[in-house]
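Structure first, commentary second.
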Amino acid sequence: MDRLWIQDPDPQLVSTVTPLPPGSALDLGCGEGRNALWLAEAGWKVTAVDFSSVALARLSRAAAERGVEIEVEEADLFEFVGSRRTFDLVILANIHPPAEIRRQLYAELPKLVNPGGHLFLIGHHIDAFGHSGPPDQERLLTEAEVASSFSTYPIVRLERVEDIADHGGHGPSVVALITIP
């Protein structure tokens with residue numbers, strides 16, 4: 001199957017989420033679904049949202065080939081956030097809107113998480129500028145921004161890591177796991 005991005009799940013997601021008990025999971029902006037597929041194989045009931053019908057078709061084919069069920073929904077992730085559905089785990093991986101829109105998105109994401117659930121974030125670090133991620137510094141992340149955006153919630157993990165980008169290259173990322181009480 002032709003795929004634009006790497007197929008393996010994000011190693012930071014795997015290491016961070018493996019200790020959590022499986023439940024319902026939402027992969028926002030899932031693309032071709034590398035993380036959604038891993039979650040489904042790990043026993044999570046997964047909803048995968050993306051605006052690309054082509055990417056979602058690839059995900060559906062891959063899920064069928066692997067014998068797992070994933071609910072796919074073609075939608076703009078910003079509109080889906082307003083759906084008020086809730087999940088035990090919400091994943092936002094390598095989504096890089098401009099800073100003001102990102103702050104608005106971060107304010108809404110906890111509303112999608114069931115009490116006691118988690119929000120997993122990963123995105124290109126500001127130190128990746130010119131190497132990987134968006135070519136606009138405003139779209140890159142810092143630990144301070146994530147800490148500030150989620151300061152009212154318990155942050156289980158927040159750090160800069162060397163990571164494998166969706167296209168297969170390497171670069172620094174910010175990874176966070178936030179508990180929603």
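Note on naming: chains are A, B, ... as they come in the structure tokens, residues start from 1 per chain, ligands start from 1 in the order shown.
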
- Query: Got a sec: who's within 6 Å of Asp27 (chain A), counting only C-alpha atoms, leaving out chain neighbours fewer than 3 positions off, as a ChimeraX atom specification?
  - Reply: /A:30,48,91

- Write out as a VMD selection string each polymer residue whose atoms come within 12 Å of Glu73 (chain A), counting only C-alpha atoms; drop sequence neighbours fewer than 4 positions from it. chain A and resid 26 to 31 33 46 to 57 59 to 60 77 79 to 80 83

Would you mind exporting the chosen residues as an mmCIF file, in the first residue's frame, restricted to N, CA, C and O atoms?
data_model
loop_
_atom_site.group_PDB
_atom_site.id
_atom_site.type_symbol
_atom_site.label_atom_id
_atom_site.label_comp_id
_atom_site.auth_asym_id
_atom_site.auth_seq_id
_atom_site.Cartn_x
_atom_site.Cartn_y
_atom_site.Cartn_z
ATOM 1 N N LEU A 26 -9.198 8.718 21.047
ATOM 2 C CA LEU A 26 -9.432 9.598 19.906
ATOM 3 C C LEU A 26 -8.088 10.040 19.368
ATOM 4 O O LEU A 26 -7.265 10.586 20.106
ATOM 5 N N ASP A 27 -7.857 9.792 18.078
ATOM 6 C CA ASP A 27 -6.647 10.259 17.399
ATOM 7 C C ASP A 27 -7.077 11.394 16.479
ATOM 8 O O ASP A 27 -7.643 11.163 15.414
ATOM 9 N N LEU A 28 -6.825 12.626 16.924
ATOM 10 C CA LEU A 28 -7.222 13.818 16.168
ATOM 11 C C LEU A 28 -6.177 14.150 15.112
ATOM 12 O O LEU A 28 -4.990 14.237 15.423
ATOM 13 N N GLY A 29 -6.607 14.367 13.890
ATOM 14 C CA GLY A 29 -5.663 14.635 12.817
ATOM 15 C C GLY A 29 -4.788 13.419 12.581
ATOM 16 O O GLY A 29 -3.574 13.520 12.463
ATOM 17 N N CYS A 30 -5.430 12.253 12.481
ATOM 18 C CA CYS A 30 -4.734 10.965 12.471
ATOM 19 C C CYS A 30 -3.939 10.691 11.209
ATOM 20 O O CYS A 30 -3.089 9.806 11.204
ATOM 21 N N GLY A 31 -4.217 11.407 10.121
ATOM 22 C CA GLY A 31 -3.531 11.098 8.872
ATOM 23 C C GLY A 31 -3.824 9.670 8.441
ATOM 24 O O GLY A 31 -4.967 9.227 8.468
ATOM 25 N N GLY A 33 -3.042 7.058 10.009
ATOM 26 C CA GLY A 33 -3.435 6.264 11.151
ATOM 27 C C GLY A 33 -2.402 5.379 11.813
ATOM 28 O O GLY A 33 -2.753 4.410 12.469
ATOM 29 N N VAL A 46 -10.895 2.768 19.160
ATOM 30 C CA VAL A 46 -10.313 3.968 18.563
ATOM 31 C C VAL A 46 -11.277 4.666 17.606
ATOM 32 O O VAL A 46 -11.899 4.032 16.758
ATOM 33 N N THR A 47 -11.334 5.974 17.759
ATOM 34 C CA THR A 47 -11.958 6.859 16.784
ATOM 35 C C THR A 47 -10.831 7.688 16.182
ATOM 36 O O THR A 47 -10.035 8.285 16.914
ATOM 37 N N ALA A 48 -10.744 7.693 14.856
ATOM 38 C CA ALA A 48 -9.685 8.412 14.149
ATOM 39 C C ALA A 48 -10.323 9.489 13.280
ATOM 40 O O ALA A 48 -11.210 9.196 12.477
ATOM 41 N N VAL A 49 -9.873 10.723 13.450
ATOM 42 C CA VAL A 49 -10.460 11.869 12.756
ATOM 43 C C VAL A 49 -9.408 12.547 11.892
ATOM 44 O O VAL A 49 -8.296 12.823 12.360
ATOM 45 N N ASP A 50 -9.765 12.801 10.649
ATOM 46 C CA ASP A 50 -8.902 13.554 9.749
ATOM 47 C C ASP A 50 -9.773 14.182 8.660
ATOM 48 O O ASP A 50 -10.878 13.705 8.397
ATOM 49 N N PHE A 51 -9.266 15.230 8.032
ATOM 50 C CA PHE A 51 -10.010 15.883 6.952
ATOM 51 C C PHE A 51 -9.770 15.224 5.600
ATOM 52 O O PHE A 51 -10.474 15.484 4.636
ATOM 53 N N SER A 52 -8.788 14.320 5.530
ATOM 54 C CA SER A 52 -8.422 13.699 4.259
ATOM 55 C C SER A 52 -9.132 12.363 4.062
ATOM 56 O O SER A 52 -8.839 11.387 4.772
ATOM 57 N N SER A 53 -10.013 12.311 3.083
ATOM 58 C CA SER A 53 -10.688 11.045 2.787
ATOM 59 C C SER A 53 -9.696 9.999 2.263
ATOM 60 O O SER A 53 -9.860 8.806 2.511
ATOM 61 N N VAL A 54 -8.660 10.450 1.570
ATOM 62 C CA VAL A 54 -7.646 9.535 1.049
ATOM 63 C C VAL A 54 -6.890 8.877 2.208
ATOM 64 O O VAL A 54 -6.715 7.659 2.247
ATOM 65 N N ALA A 55 -6.465 9.673 3.177
ATOM 66 C CA ALA A 55 -5.747 9.124 4.334
ATOM 67 C C ALA A 55 -6.643 8.174 5.126
ATOM 68 O O ALA A 55 -6.199 7.105 5.554
ATOM 69 N N LEU A 56 -7.904 8.547 5.307
ATOM 70 C CA LEU A 56 -8.819 7.693 6.067
ATOM 71 C C LEU A 56 -9.111 6.388 5.326
ATOM 72 O O LEU A 56 -9.261 5.336 5.956
ATOM 73 N N ALA A 57 -9.166 6.426 3.997
ATOM 74 C CA ALA A 57 -9.349 5.202 3.227
ATOM 75 C C ALA A 57 -8.146 4.278 3.412
ATOM 76 O O ALA A 57 -8.302 3.062 3.562
ATOM 77 N N LEU A 59 -6.211 4.220 6.033
ATOM 78 C CA LEU A 59 -6.323 3.717 7.396
ATOM 79 C C LEU A 59 -7.342 2.578 7.469
ATOM 80 O O LEU A 59 -7.072 1.534 8.074
ATOM 81 N N SER A 60 -8.491 2.757 6.848
ATOM 82 C CA SER A 60 -9.528 1.713 6.872
ATOM 83 C C SER A 60 -9.024 0.419 6.240
ATOM 84 O O SER A 60 -9.281 -0.675 6.767
ATOM 85 N N LEU A 77 -10.517 18.758 12.385
ATOM 86 C CA LEU A 77 -10.331 18.465 13.808
ATOM 87 C C LEU A 77 -10.861 19.582 14.692
ATOM 88 O O LEU A 77 -11.357 19.332 15.787
ATOM 89 N N GLU A 79 -13.515 21.390 14.120
ATOM 90 C CA GLU A 79 -14.959 21.191 14.215
ATOM 91 C C GLU A 79 -15.281 19.988 15.085
ATOM 92 O O GLU A 79 -16.225 20.016 15.870
ATOM 93 N N PHE A 80 -14.497 18.921 14.971
ATOM 94 C CA PHE A 80 -14.747 17.729 15.782
ATOM 95 C C PHE A 80 -14.619 18.046 17.267
ATOM 96 O O PHE A 80 -15.370 17.518 18.085
ATOM 97 N N SER A 83 -17.673 18.700 19.033
ATOM 98 C CA SER A 83 -18.693 17.646 19.095
ATOM 99 C C SER A 83 -19.036 17.250 20.521
ATOM 100 O O SER A 83 -20.086 16.682 20.771
#

- Message: DSSP on the backbone, strand (DSSP E or B) only: what residues of region 9-40 of chain A does that give? Format it as a list in words.
- Response: Ser24, Ala25, Leu26, Asp27 and Leu28 of chain A

N, CA and C atoms of the current selection, written as a PDB file, in the first residue's frame:
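Writing the result to part-v7.pdb gives the following:
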ATOM      1  N   SER A  24     -11.412   3.995  25.576  1.00  0.00           N
ATOM      2  CA  SER A  24     -11.730   4.669  24.316  1.00  0.00           C
ATOM      3  C   SER A  24     -10.639   5.691  24.011  1.00  0.00           C
ATOM      4  N   ALA A  25     -10.274   5.778  22.740  1.00  0.00           N
ATOM      5  CA  ALA A  25      -9.204   6.698  22.335  1.00  0.00           C
ATOM      6  C   ALA A  25      -9.631   7.477  21.095  1.00  0.00           C
ATOM      7  N   LEU A  26      -9.198   8.718  21.047  1.00  0.00           N
ATOM      8  CA  LEU A  26      -9.432   9.598  19.906  1.00  0.00           C
ATOM      9  C   LEU A  26      -8.088  10.040  19.368  1.00  0.00           C
ATOM     10  N   ASP A  27      -7.857   9.792  18.078  1.00  0.00           N
ATOM     11  CA  ASP A  27      -6.647  10.259  17.399  1.00  0.00           C
ATOM     12  C   ASP A  27      -7.077  11.394  16.479  1.00  0.00           C
ATOM     13  N   LEU A  28      -6.825  12.626  16.924  1.00  0.00           N
ATOM     14  CA  LEU A  28      -7.222  13.818  16.168  1.00  0.00           C
ATOM     15  C   LEU A  28      -6.177  14.150  15.112  1.00  0.00           C
TER      16      LEU A  28
END

- Those of region 17-56 of chain A in DSSP alpha helix (DSSP H), formatted as a ChimeraX atom specification: /A:17,34-41,53-56

- Can you pull out every residue within 6 Å of Val174 (chain A), counting only C-alpha atoms, but drop anything in the same chain fewer than 2 positions away, and send it as a ChimeraX atom specification? /A:122-123,125,159-160

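Note that CA of Glu69 (chain A) and CA of Asn114 (chain A) are 21.3 Å apart.
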
- Message: Which residues are close to Pro22 (chain A), i.e. within 9 Å by only C-alpha atoms, leaving aside same-chain residues fewer than 5 positions away? Reply as a list in words.
- Response: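 Residues near the query, excluding close chain neighbours: Val17, Leu39, Ala42, Gly43, Trp44, Lys45, Asp88 and Leu89 of chain A.
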